[in-house]
$ cat upload14.pdb   # PDB, C-alpha atoms, pLDDT in the B column
ATOM      1  CA  MET A   1      67.040  78.615 146.214  1.00 84.00           C
ATOM      2  CA  ILE A   2      68.338  75.996 148.623  1.00 82.00           C
ATOM      3  CA  GLU A   3      65.453  73.851 149.830  1.00 85.00           C
ATOM      4  CA  GLU A   4      64.962  71.364 152.664  1.00 85.00           C
ATOM      5  CA  ILE A   5      61.997  69.317 153.824  1.00 84.00           C
ATOM      6  CA  GLY A   6      60.915  69.624 157.453  1.00 87.00           C
ATOM      7  CA  VAL A   7      58.172  68.141 159.605  1.00 86.00           C
ATOM      8  CA  ILE A   8      55.869  70.157 161.852  1.00 85.00           C
ATOM      9  CA  CYS A   9      56.411  68.742 165.336  1.00 87.00           C
ATOM     10  CA  ALA A  10      54.405  71.233 167.431  1.00 85.00           C
ATOM     11  CA  ILE A  11      51.927  74.061 167.044  1.00 84.00           C
ATOM     12  CA  GLU A  12      51.726  76.953 169.504  1.00 84.00           C
ATOM     13  CA  HIS A  13      49.441  79.965 169.654  1.00 83.00           C
ATOM     14  CA  HIS A  14      50.907  83.308 170.764  1.00 79.00           C
ATOM     15  CA  ASN A  15      48.780  86.470 170.749  1.00 80.00           C
ATOM     16  CA  SER A  16      46.270  85.025 168.276  1.00 80.00           C
ATOM     17  CA  GLN A  17      49.086  83.999 165.921  1.00 82.00           C
ATOM     18  CA  GLN A  18      49.937  80.432 165.021  1.00 83.00           C
ATOM     19  CA  VAL A  19      53.597  79.516 165.565  1.00 85.00           C
ATOM     20  CA  VAL A  20      54.781  76.172 164.249  1.00 86.00           C
ATOM     21  CA  LEU A  21      57.904  74.291 165.288  1.00 86.00           C
ATOM     22  CA  VAL A  22      59.511  72.606 162.290  1.00 88.00           C
ATOM     23  CA  GLU A  23      62.081  69.869 162.754  1.00 86.00           C
ATOM     24  CA  THR A  24      64.734  69.237 160.120  1.00 84.00           C
ATOM     25  CA  GLN A  25      67.535  66.711 160.114  1.00 75.00           C
ATOM     26  CA  ILE A  26      71.068  67.900 159.471  1.00 68.00           C
ATOM     27  CA  LYS A  27      72.500  65.801 156.665  1.00 64.00           C
ATOM     28  CA  SER A  28      76.035  65.080 155.660  1.00 60.00           C
ATOM     29  CA  THR A  29      77.190  64.384 152.124  1.00 62.00           C
ATOM     30  CA  CYS A  30      79.616  61.777 153.425  1.00 65.00           C
ATOM     31  CA  GLY A  31      77.063  59.004 152.884  1.00 61.00           C
ATOM     32  CA  SER A  32      77.408  59.299 149.124  1.00 64.00           C
ATOM     33  CA  CYS A  33      81.197  59.660 149.041  1.00 71.00           C
ATOM     34  CA  GLU A  34      83.280  56.740 147.795  1.00 69.00           C
ATOM     35  CA  ALA A  35      86.151  57.501 150.190  1.00 69.00           C
ATOM     36  CA  GLN A  36      84.039  57.539 153.368  1.00 64.00           C
ATOM     37  CA  SER A  37      85.676  54.382 154.770  1.00 68.00           C
ATOM     38  CA  ASN A  38      89.152  55.975 154.543  1.00 72.00           C
ATOM     39  CA  CYS A  39      88.220  59.467 155.634  1.00 75.00           C
ATOM     40  CA  GLY A  40      88.304  60.934 159.130  1.00 70.00           C
ATOM     41  CA  VAL A  41      85.603  63.468 158.263  1.00 68.00           C
ATOM     42  CA  GLY A  42      83.259  60.581 157.428  1.00 65.00           C
ATOM     43  CA  ALA A  43      83.809  59.052 160.857  1.00 66.00           C
ATOM     44  CA  ILE A  44      83.028  62.363 162.539  1.00 65.00           C
ATOM     45  CA  ALA A  45      79.936  62.847 160.337  1.00 63.00           C
ATOM     46  CA  LYS A  46      78.555  59.486 161.484  1.00 66.00           C
ATOM     47  CA  VAL A  47      78.717  60.645 165.107  1.00 65.00           C
ATOM     48  CA  PHE A  48      76.731  63.811 164.364  1.00 61.00           C
ATOM     49  CA  ALA A  49      74.447  62.263 161.732  1.00 59.00           C
ATOM     50  CA  SER A  50      71.349  62.134 163.924  1.00 60.00           C
ATOM     51  CA  LYS A  51      71.380  65.819 164.906  1.00 69.00           C
ATOM     52  CA  ARG A  52      68.091  67.638 164.418  1.00 75.00           C
ATOM     53  CA  GLU A  53      67.355  71.336 164.179  1.00 78.00           C
ATOM     54  CA  MET A  54      64.181  73.024 165.470  1.00 82.00           C
ATOM     55  CA  LEU A  55      62.955  76.167 163.699  1.00 83.00           C
ATOM     56  CA  ARG A  56      60.028  78.475 164.570  1.00 83.00           C
ATOM     57  CA  PHE A  57      57.771  80.048 161.962  1.00 84.00           C
ATOM     58  CA  ARG A  58      54.632  82.173 162.056  1.00 82.00           C
ATOM     59  CA  LEU A  59      52.106  80.596 159.739  1.00 80.00           C
ATOM     60  CA  THR A  60      48.616  81.675 158.724  1.00 80.00           C
ATOM     61  CA  GLU A  61      47.636  78.369 157.072  1.00 81.00           C
ATOM     62  CA  ILE A  62      45.866  75.728 159.115  1.00 81.00           C
ATOM     63  CA  VAL A  63      48.307  72.843 159.601  1.00 83.00           C
ATOM     64  CA  GLU A  64      48.588  69.723 161.715  1.00 83.00           C
ATOM     65  CA  VAL A  65      51.417  68.066 163.584  1.00 84.00           C
ATOM     66  CA  GLY A  66      53.235  65.625 161.312  1.00 83.00           C
ATOM     67  CA  GLN A  67      52.650  67.630 158.164  1.00 85.00           C
ATOM     68  CA  LYS A  68      55.680  68.191 155.916  1.00 88.00           C
ATOM     69  CA  VAL A  69      56.790  71.618 154.750  1.00 88.00           C
ATOM     70  CA  SER A  70      59.351  72.828 152.252  1.00 87.00           C
ATOM     71  CA  LEU A  71      61.822  75.371 153.656  1.00 88.00           C
ATOM     72  CA  GLY A  72      64.032  77.548 151.511  1.00 88.00           C
ATOM     73  CA  ILE A  73      66.666  80.240 151.569  1.00 86.00           C
ATOM     74  CA  PRO A  74      68.118  82.037 148.522  1.00 85.00           C
ATOM     75  CA  GLU A  75      71.724  81.099 147.677  1.00 87.00           C
ATOM     76  CA  GLU A  76      72.929  84.699 147.680  1.00 87.00           C
ATOM     77  CA  ASN A  77      71.595  85.256 151.211  1.00 83.00           C
ATOM     78  CA  LEU A  78      73.336  82.090 152.391  1.00 83.00           C
ATOM     79  CA  LEU A  79      76.595  83.265 150.816  1.00 87.00           C
ATOM     80  CA  LYS A  80      76.254  86.713 152.438  1.00 86.00           C
ATOM     81  CA  ALA A  81      75.616  85.158 155.853  1.00 84.00           C
ATOM     82  CA  SER A  82      78.579  82.792 155.422  1.00 86.00           C
ATOM     83  CA  ALA A  83      80.860  85.672 154.478  1.00 87.00           C
ATOM     84  CA  ILE A  84      79.713  87.657 157.506  1.00 86.00           C
ATOM     85  CA  VAL A  85      80.130  84.711 159.893  1.00 88.00           C
ATOM     86  CA  TYR A  86      83.554  83.617 158.647  1.00 90.00           C
ATOM     87  CA  CYS A  87      85.283  86.603 157.060  1.00 91.00           C
ATOM     88  CA  LEU A  88      84.327  89.407 159.423  1.00 92.00           C
ATOM     89  CA  PRO A  89      85.752  87.776 162.603  1.00 92.00           C
ATOM     90  CA  LEU A  90      88.896  86.750 160.706  1.00 94.00           C
ATOM     91  CA  PHE A  91      89.321  90.295 159.453  1.00 95.00           C
ATOM     92  CA  ALA A  92      88.768  91.581 163.005  1.00 95.00           C
ATOM     93  CA  LEU A  93      91.442  89.201 164.335  1.00 95.00           C
ATOM     94  CA  VAL A  94      94.057  90.345 161.817  1.00 95.00           C
ATOM     95  CA  LEU A  95      93.168  94.029 162.117  1.00 96.00           C
ATOM     96  CA  SER A  96      93.144  93.960 165.936  1.00 95.00           C
ATOM     97  CA  ALA A  97      96.560  92.261 165.949  1.00 94.00           C
ATOM     98  CA  LEU A  98      97.981  94.963 163.685  1.00 95.00           C
ATOM     99  CA  VAL A  99      96.389  97.797 165.657  1.00 94.00           C
ATOM    100  CA  GLY A 100      97.395  96.179 168.947  1.00 93.00           C
ATOM    101  CA  GLN A 101     101.063  96.053 167.885  1.00 92.00           C
ATOM    102  CA  ILE A 102     100.979  99.815 167.424  1.00 91.00           C
ATOM    103  CA  ILE A 103      98.785 100.920 170.350  1.00 92.00           C
ATOM    104  CA  LEU A 104      99.739  98.525 173.171  1.00 89.00           C
ATOM    105  CA  PRO A 105     103.447  99.545 173.328  1.00 89.00           C
ATOM    106  CA  LEU A 106     102.336 103.183 173.612  1.00 89.00           C
ATOM    107  CA  LEU A 107     100.350 102.169 176.711  1.00 88.00           C
ATOM    108  CA  GLY A 108     103.347 100.372 178.193  1.00 87.00           C
ATOM    109  CA  LEU A 109     102.005  96.867 177.520  1.00 85.00           C
ATOM    110  CA  MET A 110     104.927  95.256 175.702  1.00 83.00           C
ATOM    111  CA  ALA A 111     104.310  91.529 176.329  1.00 86.00           C
ATOM    112  CA  GLU A 112     102.785  89.310 173.647  1.00 89.00           C
ATOM    113  CA  GLY A 113     100.180  88.144 176.139  1.00 90.00           C
ATOM    114  CA  TRP A 114      98.533  91.565 176.056  1.00 92.00           C
ATOM    115  CA  LEU A 115      98.442  91.466 172.260  1.00 93.00           C
ATOM    116  CA  ILE A 116      96.864  88.000 172.309  1.00 94.00           C
ATOM    117  CA  LEU A 117      94.313  89.119 174.911  1.00 94.00           C
ATOM    118  CA  PHE A 118      93.500  92.274 172.931  1.00 94.00           C
ATOM    119  CA  SER A 119      93.070  90.354 169.650  1.00 95.00           C
ATOM    120  CA  ALA A 120      90.988  87.604 171.288  1.00 95.00           C
ATOM    121  CA  THR A 121      88.721  90.198 172.932  1.00 96.00           C
ATOM    122  CA  CYS A 122      88.193  92.086 169.667  1.00 95.00           C
ATOM    123  CA  THR A 123      87.436  88.843 167.823  1.00 95.00           C
ATOM    124  CA  TYR A 124      84.996  87.722 170.543  1.00 95.00           C
ATOM    125  CA  LEU A 125      83.202  91.076 170.383  1.00 96.00           C
ATOM    126  CA  THR A 126      82.989  90.731 166.591  1.00 95.00           C
ATOM    127  CA  PHE A 127      81.427  87.265 166.974  1.00 93.00           C
ATOM    128  CA  ARG A 128      78.875  88.742 169.384  1.00 93.00           C
ATOM    129  CA  PHE A 129      78.109  91.559 166.960  1.00 92.00           C
ATOM    130  CA  VAL A 130      77.668  89.113 164.059  1.00 89.00           C
ATOM    131  CA  ARG A 131      75.377  86.909 166.142  1.00 86.00           C
ATOM    132  CA  ARG A 132      73.212  89.863 167.168  1.00 87.00           C
ATOM    133  CA  PHE A 133      73.149  91.180 163.591  1.00 84.00           C
ATOM    134  CA  LEU A 134      72.062  87.856 162.082  1.00 79.00           C
ATOM    135  CA  ASN A 135      69.462  87.199 164.807  1.00 77.00           C
ATOM    136  CA  SER A 136      67.920  90.650 164.656  1.00 73.00           C
ATOM    137  CA  SER A 137      64.322  90.692 163.541  1.00 54.00           C
ATOM    138  CA  ASP A 138      64.886  93.059 160.619  1.00 56.00           C
ATOM    139  CA  GLN A 139      67.441  90.701 159.039  1.00 52.00           C
ATOM    140  CA  GLY A 140      64.861  88.142 157.891  1.00 67.00           C
ATOM    141  CA  ASP A 141      66.777  87.594 154.652  1.00 72.00           C
ATOM    142  CA  PHE A 142      69.204  85.298 156.455  1.00 75.00           C
ATOM    143  CA  HIS A 143      66.522  83.002 157.865  1.00 79.00           C
ATOM    144  CA  PRO A 144      64.752  80.223 155.964  1.00 84.00           C
ATOM    145  CA  ARG A 145      61.118  80.617 154.931  1.00 84.00           C
ATOM    146  CA  ILE A 146      58.311  78.151 154.483  1.00 84.00           C
ATOM    147  CA  LEU A 147      57.841  77.804 150.741  1.00 86.00           C
ATOM    148  CA  LYS A 148      55.145  75.140 150.591  1.00 86.00           C
ATOM    149  CA  VAL A 149      52.978  73.131 152.968  1.00 85.00           C
ATOM    150  CA  PHE A 150      52.446  69.575 151.769  1.00 85.00           C
ATOM    151  CA  PRO A 151      49.107  67.874 152.404  1.00 82.00           C
ATOM    152  CA  LEU A 152      48.981  65.486 155.332  1.00 76.00           C
ATOM    153  CA  GLU A 153      49.704  61.933 154.242  1.00 68.00           C
ATOM    154  CA  ILE A 154      46.854  59.535 154.827  1.00 60.00           C
ATOM    155  CA  ASP A 155      48.040  55.976 155.422  1.00 58.00           C
ATOM    156  CA  ASN A 156      44.681  54.260 155.773  1.00 57.00           C
ATOM    157  CA  ILE A 157      42.855  54.760 152.527  1.00 57.00           C
ATOM    158  CA  GLN A 158      39.922  52.411 152.470  1.00 63.00           C
ATOM    159  CA  VAL A 159      38.767  51.198 149.118  1.00 66.00           C
ATOM    160  CA  LYS A 160      35.260  49.890 148.818  1.00 68.00           C
ATOM    161  CA  GLN A 161      34.718  47.282 146.143  1.00 69.00           C
ATOM    162  CA  VAL A 162      31.524  47.415 144.172  1.00 66.00           C
TER     163      VAL A 162
END

$ encode --input "upload14.pdb" --output "structure tokens"
Amino acid sequence: MIEEIGVICAIEHHNSQQVVLVETQIKSTCGSCEAQSNCGVGAIAKVFASKREMLRFRLTEIVEVGQKVSLGIPEENLLKASAIVYCLPLFALVLSALVGQIILPLLGLMAEGWLILFSATCTYLTFRFVRRFLNSSDQGDFHPRILKVFPLEIDNIQVKQV
């Protein structure tokens, strides 16, 4: 299970259900790398270091803004989603180029521009399909879940001396 800590930044109520907005910060591992001063990836990571992600969750527990939550997603689901996002469009690009080399000359479209346009269109449609597939409501396995709600931190604890 891959876990991340998020902070509840807003609470909404939709149709008698509580929907919480959880904010997480996207982290880079470049901060702990010894070669970060000599690496171009480290310089790019510093530019995008402050990026935050907002996620929506339905929650039955009573929570408050500012409360921390633990989010998680199983490793195998993350690997499946990564394979779908990266491998399927690449496979579509290669397959459409091969099919296009056979079909397009039969249609009288001999220029390479038509092959490039055909392959780019097939790859774009594959990206759209993957996006719709991963965002569909019945594919909840690919979305993180709230694992634990941490108690609200109290900063002002007053101690009374006896």

$ atom_distance --input "upload14.pdb" --atom1 "CA of Phe57 in chain A" --atom2 "CA of Glu3 in chain A"
15.6 Å

$ resolve_selection --input "upload14.pdb" --expression "the PyMOL selection byres ((chain A and resi 84) around 12)" --output "ChimeraX atom specification"
/A:77-83,85-92,126-134,142

$ write_last_selection --input "upload14.pdb" --atoms "C-alpha atoms" --output "PDB file, in the frame of the given file"
ATOM      1  CA  ASN A  77      71.595  85.256 151.211  1.00 83.00           C
ATOM      2  CA  LEU A  78      73.336  82.090 152.391  1.00 83.00           C
ATOM      3  CA  LEU A  79      76.595  83.265 150.816  1.00 87.00           C
ATOM      4  CA  LYS A  80      76.254  86.713 152.438  1.00 86.00           C
ATOM      5  CA  ALA A  81      75.616  85.158 155.853  1.00 84.00           C
ATOM      6  CA  SER A  82      78.579  82.792 155.422  1.00 86.00           C
ATOM      7  CA  ALA A  83      80.860  85.672 154.478  1.00 87.00           C
ATOM      8  CA  VAL A  85      80.130  84.711 159.893  1.00 88.00           C
ATOM      9  CA  TYR A  86      83.554  83.617 158.647  1.00 90.00           C
ATOM     10  CA  CYS A  87      85.283  86.603 157.060  1.00 91.00           C
ATOM     11  CA  LEU A  88      84.327  89.407 159.423  1.00 92.00           C
ATOM     12  CA  PRO A  89      85.752  87.776 162.603  1.00 92.00           C
ATOM     13  CA  LEU A  90      88.896  86.750 160.706  1.00 94.00           C
ATOM     14  CA  PHE A  91      89.321  90.295 159.453  1.00 95.00           C
ATOM     15  CA  ALA A  92      88.768  91.581 163.005  1.00 95.00           C
ATOM     16  CA  THR A 126      82.989  90.731 166.591  1.00 95.00           C
ATOM     17  CA  PHE A 127      81.427  87.265 166.974  1.00 93.00           C
ATOM     18  CA  ARG A 128      78.875  88.742 169.384  1.00 93.00           C
ATOM     19  CA  PHE A 129      78.109  91.559 166.960  1.00 92.00           C
ATOM     20  CA  VAL A 130      77.668  89.113 164.059  1.00 89.00           C
ATOM     21  CA  ARG A 131      75.377  86.909 166.142  1.00 86.00           C
ATOM     22  CA  ARG A 132      73.212  89.863 167.168  1.00 87.00           C
ATOM     23  CA  PHE A 133      73.149  91.180 163.591  1.00 84.00           C
ATOM     24  CA  LEU A 134      72.062  87.856 162.082  1.00 79.00           C
ATOM     25  CA  PHE A 142      69.204  85.298 156.455  1.00 75.00           C
TER      26      PHE A 142
END

$ closest_residue --input "upload14.pdb" --among "A:Cys33, A:Ile116, A:Val19, A:Leu125" --to "Ile62 in chain A" --atoms "only C-alpha atoms"
A:Val19

$ atom_distance --input "upload14.pdb" --atom1 "CA of Ser16 in chain A" --atom2 "CA of Gly72 in chain A"
25.5 Å

$ atom_distance --input "upload14.pdb" --atom1 "CA of Gln101 in chain A" --atom2 "CA of Thr123 in chain A"
15.4 Å

$ closest_residue --input "upload14.pdb" --among "A:Met54, A:Val63, A:Ala10, A:Val94" --to "Leu115 in chain A" --atoms "all atoms listed in the file"
A:Val94

$ closest_residue --input "upload14.pdb" --among "A:Val7, A:Leu95, A:Cys39, A:Ile73" --to "Glu53 in chain A" --atoms "all atoms listed in the file"
A:Val7

$ resolve_selection --input "upload14.pdb" --expression "the PyMOL selection byres ((chain A and resi 151) around 8)" --output "number ranges by chain"
A: 67-68, 149-150, 152-153

$ closest_residue --input "upload14.pdb" --among "A:Glu4, A:Glu23, A:Glu12, A:Asp141" --to "Leu71 in chain A" --atoms "all atoms listed in the file"
A:Glu4

$ closest_residue --input "upload14.pdb" --among "A:Leu147, A:Cys9, A:Leu59, A:Leu117" --to "Gly100 in chain A" --atoms "only C-alpha atoms"
A:Leu117

$ closest_residue --input "upload14.pdb" --among "A:Ala97, A:Leu21, A:Ile2, A:Ile103" --to "Glu75 in chain A" --atoms "only C-alpha atoms"
A:Ile2

$ decode --input "upload14.pdb" --residues "range 69-90 of chain A" --atoms "N, CA and C atoms" --output "PDB file, in the first residue's frame"
ATOM      1  N   VAL A  69      -5.516  13.381   7.104  1.00  0.00           N
ATOM      2  CA  VAL A  69      -6.000  12.051   6.756  1.00  0.00           C
ATOM      3  C   VAL A  69      -4.878  11.282   6.061  1.00  0.00           C
ATOM      4  N   SER A  70      -4.942   9.980   6.169  1.00  0.00           N
ATOM      5  CA  SER A  70      -4.002   9.113   5.478  1.00  0.00           C
ATOM      6  C   SER A  70      -4.697   8.552   4.248  1.00  0.00           C
ATOM      7  N   LEU A  71      -4.105   8.769   3.075  1.00  0.00           N
ATOM      8  CA  LEU A  71      -4.640   8.266   1.815  1.00  0.00           C
ATOM      9  C   LEU A  71      -3.792   7.091   1.362  1.00  0.00           C
ATOM     10  N   GLY A  72      -4.390   6.150   0.676  1.00  0.00           N
ATOM     11  CA  GLY A  72      -3.627   5.004   0.213  1.00  0.00           C
ATOM     12  C   GLY A  72      -4.177   4.406  -1.052  1.00  0.00           C
ATOM     13  N   ILE A  73      -3.275   3.766  -1.789  1.00  0.00           N
ATOM     14  CA  ILE A  73      -3.651   3.027  -2.993  1.00  0.00           C
ATOM     15  C   ILE A  73      -2.751   1.795  -3.055  1.00  0.00           C
ATOM     16  N   PRO A  74      -3.310   0.617  -3.333  1.00  0.00           N
ATOM     17  CA  PRO A  74      -2.483  -0.588  -3.419  1.00  0.00           C
ATOM     18  C   PRO A  74      -1.472  -0.497  -4.569  1.00  0.00           C
ATOM     19  N   GLU A  75      -0.276  -1.070  -4.348  1.00  0.00           N
ATOM     20  CA  GLU A  75       0.788  -0.998  -5.351  1.00  0.00           C
ATOM     21  C   GLU A  75       0.376  -1.643  -6.673  1.00  0.00           C
ATOM     22  N   GLU A  76      -0.332  -2.770  -6.599  1.00  0.00           N
ATOM     23  CA  GLU A  76      -0.694  -3.454  -7.838  1.00  0.00           C
ATOM     24  C   GLU A  76      -1.672  -2.629  -8.670  1.00  0.00           C
ATOM     25  N   ASN A  77      -2.556  -1.877  -8.015  1.00  0.00           N
ATOM     26  CA  ASN A  77      -3.474  -1.010  -8.759  1.00  0.00           C
ATOM     27  C   ASN A  77      -2.722   0.144  -9.406  1.00  0.00           C
ATOM     28  N   LEU A  78      -1.722   0.677  -8.704  1.00  0.00           N
ATOM     29  CA  LEU A  78      -0.910   1.748  -9.273  1.00  0.00           C
ATOM     30  C   LEU A  78      -0.121   1.242 -10.475  1.00  0.00           C
ATOM     31  N   LEU A  79       0.405   0.028 -10.388  1.00  0.00           N
ATOM     32  CA  LEU A  79       1.144  -0.545 -11.510  1.00  0.00           C
ATOM     33  C   LEU A  79       0.225  -0.815 -12.705  1.00  0.00           C
ATOM     34  N   LYS A  80      -0.991  -1.293 -12.443  1.00  0.00           N
ATOM     35  CA  LYS A  80      -1.956  -1.518 -13.531  1.00  0.00           C
ATOM     36  C   LYS A  80      -2.296  -0.205 -14.228  1.00  0.00           C
ATOM     37  N   ALA A  81      -2.573   0.837 -13.432  1.00  0.00           N
ATOM     38  CA  ALA A  81      -2.919   2.134 -14.007  1.00  0.00           C
ATOM     39  C   ALA A  81      -1.747   2.697 -14.811  1.00  0.00           C
ATOM     40  N   SER A  82      -0.529   2.543 -14.303  1.00  0.00           N
ATOM     41  CA  SER A  82       0.648   3.029 -15.026  1.00  0.00           C
ATOM     42  C   SER A  82       0.822   2.297 -16.346  1.00  0.00           C
ATOM     43  N   ALA A  83       0.614   0.987 -16.332  1.00  0.00           N
ATOM     44  CA  ALA A  83       0.728   0.211 -17.565  1.00  0.00           C
ATOM     45  C   ALA A  83      -0.325   0.647 -18.577  1.00  0.00           C
ATOM     46  N   ILE A  84      -1.538   0.893 -18.100  1.00  0.00           N
ATOM     47  CA  ILE A  84      -2.600   1.331 -19.009  1.00  0.00           C
ATOM     48  C   ILE A  84      -2.284   2.705 -19.590  1.00  0.00           C
ATOM     49  N   VAL A  85      -1.819   3.620 -18.743  1.00  0.00           N
ATOM     50  CA  VAL A  85      -1.560   4.997 -19.189  1.00  0.00           C
ATOM     51  C   VAL A  85      -0.377   5.073 -20.154  1.00  0.00           C
ATOM     52  N   TYR A  86       0.669   4.294 -19.906  1.00  0.00           N
ATOM     53  CA  TYR A  86       1.871   4.405 -20.722  1.00  0.00           C
ATOM     54  C   TYR A  86       1.935   3.388 -21.859  1.00  0.00           C
ATOM     55  N   CYS A  87       1.621   2.143 -21.583  1.00  0.00           N
ATOM     56  CA  CYS A  87       1.820   1.091 -22.578  1.00  0.00           C
ATOM     57  C   CYS A  87       0.722   1.050 -23.643  1.00  0.00           C
ATOM     58  N   LEU A  88      -0.509   1.259 -23.239  1.00  0.00           N
ATOM     59  CA  LEU A  88      -1.602   1.159 -24.205  1.00  0.00           C
ATOM     60  C   LEU A  88      -1.503   2.218 -25.320  1.00  0.00           C
ATOM     61  N   PRO A  89      -1.264   3.504 -25.012  1.00  0.00           N
ATOM     62  CA  PRO A  89      -1.093   4.465 -26.106  1.00  0.00           C
ATOM     63  C   PRO A  89       0.140   4.184 -26.968  1.00  0.00           C
ATOM     64  N   LEU A  90       1.216   3.708 -26.361  1.00  0.00           N
ATOM     65  CA  LEU A  90       2.407   3.367 -27.142  1.00  0.00           C
ATOM     66  C   LEU A  90       2.127   2.199 -28.080  1.00  0.00           C
TER      67      LEU A  90
END
